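Worksheet: one structure, shown below.
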Amino acid sequence: MTKNVRFDLFIRNEREAELAERSDRLAAHFAERSAQHDTEGSFPFNNFADLREAGYLQLTVPRAYGGEEASLYELVLAQERLARGDGSTALAVGWHVGLLHQLRFTNAWPASLYERFCQEAVETGALVNHLASERATGSPSRGGRPETKAVAAEGGWLLSGRKTYSTLSPILACFTVSAAIEGTEETGDFFVRVGPGVRVEETWNTLGMRATGSHDVVLENVFVPEDQVIHLSGAPRKERTPDEGGWLLHIPACYIGIAYAARSFAIHFAQQYRPNSLTTPIAELPNIRRQIGEMDIALTTARTVLYSVADRWDREPERRAALKPELGLAKHVATNHAIAIVDTAMRIVGAASLSRSLPLERMYRDVRAGLHNPPMDDVVVNGMAQRALDEVKQIMK
């Protein structure tokens with residue numbers, strides 16, 4: 001067992017230690033490549049080859065199909081440690097392993113389609129993501145109607161439209177999309193294989209998370225056979241478990257991982273750097289020690305909230321709906337604390353932290369992307385407020 005794993009109090013057993021050590025090994029390789037991919041804005045195909053070879057892409061696939069069937073807690077642990085090496089890679093693969101975790105519990109796809117894809121993920125390392133965002137609708141979590149259209153055709157449907165923020169787009173062999181049914185008020189979700197009519201437009205050129213490959217995906221009369229229709233809103237819905245959103249904890253896990261890496265870099269720097277005006281490294285200065293303590297308070301707080309919520313989600317399936325505010329809270333606390341941790345790390349290192357020869361400036365940019373991943377801060381705060389209002393109202397009756 002490595003030192004990193006042995007000293008992590010959030011690792012509770014041998015299986016979790018093995019998952020953490022695999023992520024640590026992968027993260028070490030990713031860290032060596034992250035600066036180049038960030039500078040170029042290039043997709044890290046080499047990182048995904050490593051993920052495939054290590055079996056990481058089957059992390060949340062059910063054991064019945066040859067996967068590892070990771071719990072939510074294990075998913076969070078694996079993702080956080082992966083992000084310590086490269087945030088872009090962790091966030092990107094998080095949508096794949098997170099979606100497969102969600103599908104394991106919701107029964108949202110037709111059984112034959114789900115089984116077929118799980119086998120592909122295990123045997124070939126196939127990746128999947130749900131492409132829902134569009135420029136006109138913004139985040140799908142806000143409830144906008146998709147402008148992508150689905151038109152009935154013989155034996156299936158023809159899809160046309162443009163999806164934005166399509167993470168993993170350079171490497172996807174298949175994906176799901178939301179579309180409006182032409183001539184109706186209905187919508188549908190469709191499973192699409194990359195082929196004729198599907199193209200990627202490389203529009204992703206951003207401040208942070210530059211290597212997620214979140215380009216636009218354009219569909220032009222793409223045929224989807226009837227057996228790859230996931231659901232139409234006007235059709236009878238098969239029995240399924242509601243999506244309580246636990247899988248989205250892969251998002252805060254990623255940003256905590258970035259913050260951990262920034263914190264560790266700054267501490268190591270402080271232990272080594274001794275300007276000629278001092279007789280000891282700056283880590284001995286009271287102000288630096290205070291800042292290190294503040295980073296670890298924020299890090300421990302964020303990890304405690306995140307892991308405790310994931311653990312409860314695993315252990316209390318009957319209360320998952322009631323845990324929805326806590327899921328949002330975990331994301332809110334993690335992303336905002338992660339930003340504060342990276343900011344403090346920059347202060348400890350000083351002006352050198354702005355240099356592109358050090359990883360901190362990339363981490364500074366990457367960690368801010370968390371504010372724009374769901375759920376948004378205003379939604380979380382409003383949800384917590386509503387729960388508090390409802391609780392007091394019931395108590396005071």
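Chains: A, B, ... in order of the structure tokens. Residues: from 1 per chain. Ligands: from 1, in order shown.
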| If you run DSSP on the backbone, which residues of range 109-341 of chain A are strand (DSSP E or B), as a PyMOL selection string? | chain A and resi 130-131+134+138+149-153+156-166+174-181+187-193+198-201+215-225+229-232
With a distance cut-off of 8 Å and only C-alpha atoms, select the neighbouring residues of range 10-23 of chain A, excluding the residue or stretch itself and same-chain residues fewer than 4 positions from it, and output the selection as a PDB file with all heavy atoms, in the first residue's frame.
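Output saved as selection_18.pdb:
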```pdb
ATOM      1  N   MET A   1       0.843  -1.187   0.000  1.00  0.00           N
ATOM      2  CA  MET A   1       0.000   0.000   0.000  1.00  0.00           C
ATOM      3  C   MET A   1       0.886   1.247   0.000  1.00  0.00           C
ATOM      4  O   MET A   1       1.800   1.375   0.802  1.00  0.00           O
ATOM      5  CB  MET A   1      -0.912   0.005   1.237  1.00  0.00           C
ATOM      6  CG  MET A   1      -1.963   1.093   1.210  1.00  0.00           C
ATOM      7  SD  MET A   1      -3.020   1.068   2.691  1.00  0.00           S
ATOM      8  CE  MET A   1      -3.870  -0.491   2.493  1.00  0.00           C
ATOM      9  N   THR A   2       0.618   2.204  -0.915  1.00  0.00           N
ATOM     10  CA  THR A   2       1.440   3.404  -1.021  1.00  0.00           C
ATOM     11  C   THR A   2       1.172   4.346   0.157  1.00  0.00           C
ATOM     12  O   THR A   2       0.145   4.249   0.830  1.00  0.00           O
ATOM     13  CB  THR A   2       1.141   4.143  -2.334  1.00  0.00           C
ATOM     14  OG1 THR A   2      -0.224   4.584  -2.321  1.00  0.00           O
ATOM     15  CG2 THR A   2       1.376   3.244  -3.531  1.00  0.00           C
ATOM     16  N   VAL A   5      -2.090   6.341  -0.025  1.00  0.00           N
ATOM     17  CA  VAL A   5      -3.272   5.561   0.331  1.00  0.00           C
ATOM     18  C   VAL A   5      -3.306   5.291   1.835  1.00  0.00           C
ATOM     19  O   VAL A   5      -4.340   5.409   2.486  1.00  0.00           O
ATOM     20  CB  VAL A   5      -3.306   4.245  -0.471  1.00  0.00           C
ATOM     21  CG1 VAL A   5      -4.361   3.311   0.071  1.00  0.00           C
ATOM     22  CG2 VAL A   5      -3.543   4.538  -1.954  1.00  0.00           C
ATOM     23  N   ALA A  27      -2.896   8.914 -12.545  1.00  0.00           N
ATOM     24  CA  ALA A  27      -2.736  10.362 -12.339  1.00  0.00           C
ATOM     25  C   ALA A  27      -1.286  10.790 -12.503  1.00  0.00           C
ATOM     26  O   ALA A  27      -1.000  11.880 -13.029  1.00  0.00           O
ATOM     27  CB  ALA A  27      -3.252  10.752 -10.957  1.00  0.00           C
ATOM     28  N   ALA A  54      -6.038   0.053 -18.266  1.00  0.00           N
ATOM     29  CA  ALA A  54      -6.116  -0.199 -16.820  1.00  0.00           C
ATOM     30  C   ALA A  54      -7.480  -0.735 -16.391  1.00  0.00           C
ATOM     31  O   ALA A  54      -7.654  -1.089 -15.217  1.00  0.00           O
ATOM     32  CB  ALA A  54      -5.800   1.079 -16.058  1.00  0.00           C
ATOM     33  N   GLU A  74     -17.067   4.674  -4.007  1.00  0.00           N
ATOM     34  CA  GLU A  74     -15.878   4.241  -4.749  1.00  0.00           C
ATOM     35  C   GLU A  74     -15.671   5.070  -6.003  1.00  0.00           C
ATOM     36  O   GLU A  74     -14.533   5.385  -6.374  1.00  0.00           O
ATOM     37  CB  GLU A  74     -16.015   2.757  -5.096  1.00  0.00           C
ATOM     38  CG  GLU A  74     -15.926   1.847  -3.872  1.00  0.00           C
ATOM     39  CD  GLU A  74     -16.368   0.429  -4.166  1.00  0.00           C
ATOM     40  OE1 GLU A  74     -17.038   0.201  -5.207  1.00  0.00           O
ATOM     41  OE2 GLU A  74     -16.048  -0.469  -3.359  1.00  0.00           O
ATOM     42  N   LEU A  77     -14.158   8.360  -4.877  1.00  0.00           N
ATOM     43  CA  LEU A  77     -12.758   8.158  -4.488  1.00  0.00           C
ATOM     44  C   LEU A  77     -11.857   8.033  -5.712  1.00  0.00           C
ATOM     45  O   LEU A  77     -10.799   8.682  -5.791  1.00  0.00           O
ATOM     46  CB  LEU A  77     -12.647   6.900  -3.622  1.00  0.00           C
ATOM     47  CG  LEU A  77     -11.243   6.494  -3.184  1.00  0.00           C
ATOM     48  CD1 LEU A  77     -10.665   7.503  -2.206  1.00  0.00           C
ATOM     49  CD2 LEU A  77     -11.267   5.095  -2.554  1.00  0.00           C
ATOM     50  N   ALA A  78     -12.258   7.197  -6.659  1.00  0.00           N
ATOM     51  CA  ALA A  78     -11.447   6.992  -7.862  1.00  0.00           C
ATOM     52  C   ALA A  78     -11.311   8.281  -8.655  1.00  0.00           C
ATOM     53  O   ALA A  78     -10.223   8.617  -9.153  1.00  0.00           O
ATOM     54  CB  ALA A  78     -12.066   5.897  -8.722  1.00  0.00           C
ATOM     55  N   GLN A  79     -12.393   9.028  -8.773  1.00  0.00           N
ATOM     56  CA  GLN A  79     -12.379  10.257  -9.568  1.00  0.00           C
ATOM     57  C   GLN A  79     -11.561  11.368  -8.903  1.00  0.00           C
ATOM     58  O   GLN A  79     -10.827  12.107  -9.574  1.00  0.00           O
ATOM     59  CB  GLN A  79     -13.812  10.733  -9.809  1.00  0.00           C
ATOM     60  CG  GLN A  79     -14.544   9.952 -10.875  1.00  0.00           C
ATOM     61  CD  GLN A  79     -13.944  10.208 -12.249  1.00  0.00           C
ATOM     62  OE1 GLN A  79     -13.365   9.311 -12.864  1.00  0.00           O
ATOM     63  NE2 GLN A  79     -14.058  11.419 -12.744  1.00  0.00           N
ATOM     64  N   ARG A  81      -8.980  11.119  -6.951  1.00  0.00           N
ATOM     65  CA  ARG A  81      -7.544  10.855  -7.041  1.00  0.00           C
ATOM     66  C   ARG A  81      -7.058  10.932  -8.486  1.00  0.00           C
ATOM     67  O   ARG A  81      -5.913  11.315  -8.737  1.00  0.00           O
ATOM     68  CB  ARG A  81      -7.244   9.514  -6.393  1.00  0.00           C
ATOM     69  CG  ARG A  81      -7.634   9.492  -4.917  1.00  0.00           C
ATOM     70  CD  ARG A  81      -7.292   8.181  -4.257  1.00  0.00           C
ATOM     71  NE  ARG A  81      -5.891   8.156  -3.867  1.00  0.00           N
ATOM     72  CZ  ARG A  81      -5.428   8.475  -2.654  1.00  0.00           C
ATOM     73  NH1 ARG A  81      -6.268   8.875  -1.711  1.00  0.00           N
ATOM     74  NH2 ARG A  81      -4.152   8.401  -2.377  1.00  0.00           N
ATOM     75  N   LEU A  82      -7.917  10.611  -9.436  1.00  0.00           N
ATOM     76  CA  LEU A  82      -7.551  10.760 -10.843  1.00  0.00           C
ATOM     77  C   LEU A  82      -7.327  12.239 -11.175  1.00  0.00           C
ATOM     78  O   LEU A  82      -6.393  12.597 -11.900  1.00  0.00           O
ATOM     79  CB  LEU A  82      -8.659  10.182 -11.719  1.00  0.00           C
ATOM     80  CG  LEU A  82      -8.291   9.766 -13.142  1.00  0.00           C
ATOM     81  CD1 LEU A  82      -7.335   8.572 -13.138  1.00  0.00           C
ATOM     82  CD2 LEU A  82      -9.572   9.424 -13.921  1.00  0.00           C
ATOM     83  N   TYR A 307     -17.751  12.790   0.956  1.00  0.00           N
ATOM     84  CA  TYR A 307     -17.713  11.355   1.212  1.00  0.00           C
ATOM     85  C   TYR A 307     -18.847  10.904   2.129  1.00  0.00           C
ATOM     86  O   TYR A 307     -19.359   9.787   1.984  1.00  0.00           O
ATOM     87  CB  TYR A 307     -16.353  10.950   1.775  1.00  0.00           C
ATOM     88  CG  TYR A 307     -15.284  10.883   0.705  1.00  0.00           C
ATOM     89  CD1 TYR A 307     -14.430  11.953   0.473  1.00  0.00           C
ATOM     90  CD2 TYR A 307     -15.147   9.753  -0.097  1.00  0.00           C
ATOM     91  CE1 TYR A 307     -13.465  11.910  -0.526  1.00  0.00           C
ATOM     92  CE2 TYR A 307     -14.183   9.691  -1.091  1.00  0.00           C
ATOM     93  CZ  TYR A 307     -13.343  10.776  -1.304  1.00  0.00           C
ATOM     94  OH  TYR A 307     -12.403  10.726  -2.296  1.00  0.00           O
TER      95      TYR A 307
END
```
Go through range 211-394 of chain A and collect every residue that DSSP, computed from the backbone, puts in alpha helix (DSSP H); the answer should be as a CSV table (one decimal) with N, CA and C atoms, in the first residue's frame.
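Below you can see part.csv, which holds the result:
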```
chain,number,residue,atom,x,y,z
A,250,HIS,N,-19.5,12.9,-9.2
A,250,HIS,CA,-18.2,12.9,-9.9
A,250,HIS,C,-17.7,14.3,-10.2
A,251,ILE,N,-18.6,15.2,-10.3
A,251,ILE,CA,-18.1,16.6,-10.5
A,251,ILE,C,-17.4,17.2,-9.3
A,252,PRO,N,-18.0,17.3,-8.2
A,252,PRO,CA,-17.2,17.9,-7.0
A,252,PRO,C,-16.0,17.0,-6.7
A,253,ALA,N,-16.0,15.7,-6.9
A,253,ALA,CA,-14.8,14.9,-6.7
A,253,ALA,C,-13.6,15.4,-7.6
A,254,CYS,N,-13.9,15.8,-8.8
A,254,CYS,CA,-12.9,16.3,-9.7
A,254,CYS,C,-12.3,17.5,-9.1
A,255,TYR,N,-13.1,18.5,-8.7
A,255,TYR,CA,-12.5,19.8,-8.3
A,255,TYR,C,-11.8,19.7,-6.9
A,256,ILE,N,-12.2,18.8,-6.1
A,256,ILE,CA,-11.5,18.5,-4.9
A,256,ILE,C,-10.1,17.9,-5.2
A,257,GLY,N,-10.1,17.0,-6.2
A,257,GLY,CA,-8.8,16.5,-6.6
A,257,GLY,C,-7.8,17.5,-7.1
A,258,ILE,N,-8.3,18.5,-7.9
A,258,ILE,CA,-7.5,19.6,-8.4
A,258,ILE,C,-7.0,20.4,-7.2
A,259,ALA,N,-7.9,20.7,-6.3
A,259,ALA,CA,-7.5,21.5,-5.1
A,259,ALA,C,-6.4,20.7,-4.3
A,260,TYR,N,-6.6,19.4,-4.1
A,260,TYR,CA,-5.6,18.7,-3.4
A,260,TYR,C,-4.2,18.8,-4.0
A,261,ALA,N,-4.2,18.7,-5.3
A,261,ALA,CA,-2.9,18.8,-6.0
A,261,ALA,C,-2.3,20.1,-5.9
A,262,ALA,N,-3.1,21.2,-5.9
A,262,ALA,CA,-2.5,22.6,-5.7
A,262,ALA,C,-2.0,22.7,-4.3
A,263,ARG,N,-2.8,22.3,-3.3
A,263,ARG,CA,-2.4,22.4,-1.9
A,263,ARG,C,-1.1,21.6,-1.7
A,264,SER,N,-0.9,20.4,-2.2
A,264,SER,CA,0.3,19.6,-2.0
A,264,SER,C,1.5,20.3,-2.7
A,265,PHE,N,1.3,20.9,-3.9
A,265,PHE,CA,2.4,21.6,-4.6
A,265,PHE,C,2.8,22.8,-3.7
A,266,ALA,N,1.9,23.5,-3.2
A,266,ALA,CA,2.2,24.7,-2.5
A,266,ALA,C,3.0,24.4,-1.2
A,267,ILE,N,2.5,23.3,-0.5
A,267,ILE,CA,3.2,22.9,0.7
A,267,ILE,C,4.6,22.4,0.4
A,268,HIS,N,4.8,21.6,-0.6
A,268,HIS,CA,6.1,21.2,-1.0
A,268,HIS,C,7.0,22.4,-1.3
A,269,PHE,N,6.5,23.3,-2.0
A,269,PHE,CA,7.2,24.5,-2.4
A,269,PHE,C,7.7,25.3,-1.1
A,270,ALA,N,6.7,25.4,-0.2
A,270,ALA,CA,7.0,26.1,1.1
A,270,ALA,C,8.1,25.4,1.9
A,271,GLN,N,8.1,24.1,1.8
A,271,GLN,CA,9.1,23.3,2.6
A,271,GLN,C,10.5,23.4,1.9
A,272,GLN,N,10.6,23.8,0.7
A,272,GLN,CA,11.9,23.8,-0.1
A,272,GLN,C,12.4,25.2,-0.3
A,286,PRO,N,5.0,32.0,10.4
A,286,PRO,CA,3.6,32.0,10.9
A,286,PRO,C,2.5,32.2,9.9
A,287,ASN,N,2.7,33.2,9.0
A,287,ASN,CA,1.7,33.5,8.0
A,287,ASN,C,1.5,32.3,7.1
A,288,ILE,N,2.6,31.7,6.6
A,288,ILE,CA,2.5,30.6,5.7
A,288,ILE,C,1.9,29.4,6.4
A,289,ARG,N,2.2,29.1,7.7
A,289,ARG,CA,1.6,28.0,8.4
A,289,ARG,C,0.1,28.3,8.6
A,290,ARG,N,-0.3,29.5,8.8
A,290,ARG,CA,-1.7,29.8,8.9
A,290,ARG,C,-2.4,29.5,7.6
A,291,GLN,N,-1.8,29.9,6.4
A,291,GLN,CA,-2.4,29.6,5.1
A,291,GLN,C,-2.5,28.1,4.8
A,292,ILE,N,-1.5,27.4,5.2
A,292,ILE,CA,-1.5,25.9,5.1
A,292,ILE,C,-2.6,25.3,5.9
A,293,GLY,N,-2.8,25.8,7.1
A,293,GLY,CA,-3.8,25.3,8.0
A,293,GLY,C,-5.2,25.6,7.4
A,294,GLU,N,-5.4,26.8,6.8
A,294,GLU,CA,-6.6,27.2,6.2
A,294,GLU,C,-6.9,26.3,5.0
A,295,MET,N,-5.9,26.0,4.2
A,295,MET,CA,-6.1,25.1,3.1
A,295,MET,C,-6.6,23.7,3.6
A,296,ASP,N,-6.0,23.2,4.6
A,296,ASP,CA,-6.4,21.9,5.1
A,296,ASP,C,-7.7,21.8,5.8
A,297,ILE,N,-8.1,22.9,6.4
A,297,ILE,CA,-9.5,23.0,7.0
A,297,ILE,C,-10.5,23.0,5.8
A,298,ALA,N,-10.3,23.7,4.8
A,298,ALA,CA,-11.2,23.8,3.7
A,298,ALA,C,-11.2,22.4,3.0
A,299,LEU,N,-10.0,21.8,2.8
A,299,LEU,CA,-10.0,20.5,2.1
A,299,LEU,C,-10.7,19.4,2.9
A,300,THR,N,-10.4,19.4,4.2
A,300,THR,CA,-11.0,18.3,5.1
A,300,THR,C,-12.5,18.5,5.1
A,301,THR,N,-13.0,19.8,5.2
A,301,THR,CA,-14.4,20.1,5.2
A,301,THR,C,-15.1,19.6,4.0
A,302,ALA,N,-14.5,19.9,2.8
A,302,ALA,CA,-15.1,19.6,1.5
A,302,ALA,C,-15.1,18.0,1.4
A,303,ARG,N,-14.0,17.4,1.7
A,303,ARG,CA,-14.0,15.9,1.5
A,303,ARG,C,-14.9,15.2,2.5
A,304,THR,N,-15.0,15.7,3.7
A,304,THR,CA,-15.9,15.1,4.7
A,304,THR,C,-17.4,15.2,4.2
A,305,VAL,N,-17.8,16.4,3.7
A,305,VAL,CA,-19.2,16.5,3.2
A,305,VAL,C,-19.4,15.6,2.0
A,306,LEU,N,-18.5,15.6,1.1
A,306,LEU,CA,-18.6,14.8,-0.1
A,306,LEU,C,-18.7,13.3,0.2
A,307,TYR,N,-17.8,12.8,1.0
A,307,TYR,CA,-17.7,11.4,1.2
A,307,TYR,C,-18.8,10.9,2.1
A,308,SER,N,-19.3,11.7,3.1
A,308,SER,CA,-20.4,11.4,3.9
A,308,SER,C,-21.7,11.3,3.1
A,309,VAL,N,-21.9,12.2,2.2
A,309,VAL,CA,-23.1,12.2,1.4
A,309,VAL,C,-23.1,10.9,0.5
A,310,ALA,N,-21.9,10.6,-0.1
A,310,ALA,CA,-21.8,9.5,-1.0
A,310,ALA,C,-22.1,8.2,-0.2
A,311,ASP,N,-21.5,8.1,1.0
A,311,ASP,CA,-21.7,6.9,1.8
A,311,ASP,C,-23.2,6.8,2.2
A,312,ARG,N,-23.9,7.8,2.5
A,312,ARG,CA,-25.3,7.8,2.9
A,312,ARG,C,-26.1,7.3,1.7
A,313,TRP,N,-25.7,7.8,0.5
A,313,TRP,CA,-26.5,7.5,-0.7
A,313,TRP,C,-26.4,6.0,-1.0
A,314,ASP,N,-25.2,5.4,-0.7
A,314,ASP,CA,-25.0,4.0,-0.9
A,314,ASP,C,-25.8,3.2,0.2
A,315,ARG,N,-25.7,3.6,1.4
A,315,ARG,CA,-26.3,2.8,2.5
A,315,ARG,C,-27.7,3.0,2.7
A,324,LYS,N,-31.4,14.7,-1.9
A,324,LYS,CA,-31.1,15.6,-3.0
A,324,LYS,C,-30.4,16.9,-2.6
A,325,PRO,N,-31.0,17.6,-1.5
A,325,PRO,CA,-30.3,18.9,-1.1
A,325,PRO,C,-28.9,18.6,-0.7
A,326,GLU,N,-28.6,17.5,0.0
A,326,GLU,CA,-27.2,17.2,0.4
A,326,GLU,C,-26.3,17.0,-0.8
A,327,LEU,N,-26.8,16.4,-1.9
A,327,LEU,CA,-26.0,16.2,-3.1
A,327,LEU,C,-25.6,17.5,-3.6
A,328,GLY,N,-26.5,18.5,-3.7
A,328,GLY,CA,-26.2,19.8,-4.2
A,328,GLY,C,-25.3,20.5,-3.2
A,329,LEU,N,-25.5,20.3,-1.9
A,329,LEU,CA,-24.6,20.9,-0.9
A,329,LEU,C,-23.1,20.4,-1.1
A,330,ALA,N,-23.0,19.1,-1.3
A,330,ALA,CA,-21.6,18.6,-1.5
A,330,ALA,C,-20.9,19.2,-2.7
A,331,LYS,N,-21.7,19.5,-3.8
A,331,LYS,CA,-21.1,20.1,-4.9
A,331,LYS,C,-20.7,21.6,-4.6
A,332,HIS,N,-21.7,22.3,-4.0
A,332,HIS,CA,-21.5,23.7,-3.7
A,332,HIS,C,-20.2,23.9,-2.8
A,333,VAL,N,-20.2,23.1,-1.7
A,333,VAL,CA,-19.1,23.2,-0.8
A,333,VAL,C,-17.7,22.8,-1.4
A,334,ALA,N,-17.8,21.7,-2.2
A,334,ALA,CA,-16.5,21.2,-2.8
A,334,ALA,C,-16.0,22.3,-3.8
A,335,THR,N,-16.8,22.8,-4.7
A,335,THR,CA,-16.3,23.7,-5.8
A,335,THR,C,-15.8,25.0,-5.2
A,336,ASN,N,-16.6,25.5,-4.3
A,336,ASN,CA,-16.2,26.8,-3.7
A,336,ASN,C,-15.0,26.7,-2.8
A,337,HIS,N,-14.9,25.6,-2.0
A,337,HIS,CA,-13.7,25.4,-1.2
A,337,HIS,C,-12.5,25.1,-2.0
A,338,ALA,N,-12.7,24.4,-3.2
A,338,ALA,CA,-11.6,24.1,-4.0
A,338,ALA,C,-11.0,25.4,-4.6
A,339,ILE,N,-11.9,26.3,-5.0
A,339,ILE,CA,-11.4,27.6,-5.5
A,339,ILE,C,-10.6,28.3,-4.5
A,340,ALA,N,-11.1,28.3,-3.2
A,340,ALA,CA,-10.4,29.0,-2.1
A,340,ALA,C,-9.0,28.3,-1.9
A,341,ILE,N,-9.0,27.0,-1.9
A,341,ILE,CA,-7.7,26.3,-1.7
A,341,ILE,C,-6.7,26.7,-2.7
A,342,VAL,N,-7.1,26.7,-4.0
A,342,VAL,CA,-6.1,27.0,-5.1
A,342,VAL,C,-5.7,28.4,-5.0
A,343,ASP,N,-6.6,29.3,-4.6
A,343,ASP,CA,-6.2,30.7,-4.4
A,343,ASP,C,-5.2,30.9,-3.3
A,344,THR,N,-5.4,30.2,-2.2
A,344,THR,CA,-4.4,30.2,-1.1
A,344,THR,C,-3.1,29.6,-1.5
A,345,ALA,N,-3.1,28.5,-2.3
A,345,ALA,CA,-1.9,27.9,-2.8
A,345,ALA,C,-1.1,28.9,-3.6
A,346,MET,N,-1.8,29.7,-4.4
A,346,MET,CA,-1.1,30.7,-5.3
A,346,MET,C,-0.5,31.8,-4.4
A,347,ARG,N,-1.1,32.2,-3.3
A,347,ARG,CA,-0.6,33.2,-2.4
A,347,ARG,C,0.7,32.7,-1.7
A,348,ILE,N,0.7,31.4,-1.4
A,348,ILE,CA,1.9,30.8,-0.7
A,348,ILE,C,3.1,30.8,-1.6
A,349,VAL,N,2.9,30.4,-2.9
A,349,VAL,CA,3.9,30.3,-3.9
A,349,VAL,C,4.3,31.7,-4.4
A,360,LEU,N,0.4,25.5,-11.1
A,360,LEU,CA,-0.7,26.2,-10.3
A,360,LEU,C,-1.6,27.0,-11.2
A,361,GLU,N,-1.0,27.7,-12.2
A,361,GLU,CA,-1.8,28.6,-13.0
A,361,GLU,C,-2.9,27.8,-13.8
A,362,ARG,N,-2.5,26.6,-14.2
A,362,ARG,CA,-3.5,25.7,-14.9
A,362,ARG,C,-4.6,25.3,-13.9
A,363,MET,N,-4.2,24.9,-12.7
A,363,MET,CA,-5.1,24.5,-11.7
A,363,MET,C,-6.0,25.7,-11.3
A,364,TYR,N,-5.5,26.9,-11.3
A,364,TYR,CA,-6.3,28.1,-11.0
A,364,TYR,C,-7.4,28.3,-12.0
A,365,ARG,N,-7.0,28.0,-13.3
A,365,ARG,CA,-8.0,28.2,-14.4
A,365,ARG,C,-9.0,27.0,-14.3
A,366,ASP,N,-8.5,25.8,-14.2
A,366,ASP,CA,-9.4,24.6,-14.3
A,366,ASP,C,-10.4,24.6,-13.1
A,367,VAL,N,-10.0,25.0,-11.9
A,367,VAL,CA,-10.9,24.8,-10.8
A,367,VAL,C,-12.1,25.7,-10.9
A,377,ASP,N,-24.8,27.2,-8.2
A,377,ASP,CA,-24.8,27.6,-6.8
A,377,ASP,C,-26.2,28.2,-6.4
A,378,ASP,N,-26.8,29.0,-7.3
A,378,ASP,CA,-28.1,29.6,-7.0
A,378,ASP,C,-29.2,28.5,-6.8
A,379,VAL,N,-29.1,27.4,-7.6
A,379,VAL,CA,-30.1,26.4,-7.4
A,379,VAL,C,-29.9,25.6,-6.1
A,380,VAL,N,-28.7,25.4,-5.7
A,380,VAL,CA,-28.4,24.7,-4.5
A,380,VAL,C,-28.8,25.6,-3.3
A,381,VAL,N,-28.5,26.9,-3.3
A,381,VAL,CA,-28.8,27.8,-2.2
A,381,VAL,C,-30.4,27.9,-2.1
A,382,ASN,N,-31.0,28.0,-3.2
A,382,ASN,CA,-32.5,28.1,-3.2
A,382,ASN,C,-33.1,26.8,-2.6
A,383,GLY,N,-32.5,25.7,-3.0
A,383,GLY,CA,-33.1,24.4,-2.6
A,383,GLY,C,-32.9,24.2,-1.0
A,384,MET,N,-31.7,24.6,-0.5
A,384,MET,CA,-31.5,24.6,0.9
A,384,MET,C,-32.5,25.5,1.6
A,385,ALA,N,-32.7,26.7,1.1
A,385,ALA,CA,-33.6,27.6,1.7
A,385,ALA,C,-35.0,27.1,1.7
A,386,GLN,N,-35.5,26.5,0.6
A,386,GLN,CA,-36.8,25.9,0.6
A,386,GLN,C,-37.0,24.8,1.6
A,387,ARG,N,-36.0,24.0,1.7
A,387,ARG,CA,-36.1,22.9,2.7
A,387,ARG,C,-36.2,23.5,4.1
A,388,ALA,N,-35.4,24.5,4.4
A,388,ALA,CA,-35.5,25.1,5.7
A,388,ALA,C,-36.8,25.7,6.0
A,389,LEU,N,-37.4,26.4,5.0
A,389,LEU,CA,-38.7,27.0,5.1
A,389,LEU,C,-39.8,26.0,5.4
A,390,ASP,N,-39.7,24.9,4.6
A,390,ASP,CA,-40.7,23.8,4.8
A,390,ASP,C,-40.6,23.2,6.1
A,391,GLU,N,-39.4,23.0,6.6
A,391,GLU,CA,-39.1,22.3,7.9
A,391,GLU,C,-39.7,23.1,9.0
A,392,VAL,N,-39.4,24.4,9.0
A,392,VAL,CA,-39.9,25.3,10.1
A,392,VAL,C,-41.4,25.4,10.0
A,393,LYS,N,-41.9,25.5,8.8
A,393,LYS,CA,-43.4,25.6,8.7
A,393,LYS,C,-44.1,24.4,9.3
A,394,GLN,N,-43.5,23.2,9.1
A,394,GLN,CA,-44.1,22.0,9.6
A,394,GLN,C,-44.0,22.0,11.1
```
| Which value, in Å to one decimal, gives the distance between CA of Arg145 in chain A and CA of Glu185 in chain A? | 9.3 Å
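The gap separating CA of Gly87 in chain A from CA of Gly370 in chain A is 10.6 Å, in Å to one decimal.
Every protein or nucleic acid residue with an atom no more than 9 Å from Val61 in chain A, counting only C-alpha atoms and leaving out same-chain residues fewer than 2 positions away, appears here: Leu57, Gln58, Leu59, Arg63, Ala64, Tyr65, Gly66, Gly67, Glu68, Glu69, Ala70, Val97, Leu100, His101, Arg104, Cys118, Gln119, Ala121 and Val122 of chain A.
Minimum atom-to-atom distance to Leu103 in chain A, evaluated using only C-alpha atoms, belongs to A:Thr60 out of A:Thr60, A:Val222, A:Ser178, A:Ala90.
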| note | In Å and to one decimal, CA of Arg162 in chain A is distant from CA of Gly195 in chain A by 15.3 Å
| request: Would you mind listing what lies within 6 Å of range 43-45 of chain A as JSON, numbers by chain, with only C-alpha atoms counted and same-chain residues fewer than 3 positions away left out? | output: {"A": [48, 211, 213]}
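Among the candidate residues A:Ala111, A:Arg6, A:Leu127, A:Thr184, the one lying nearest to Ala49 in chain A is A:Leu127, with distances computed using only C-alpha atoms.
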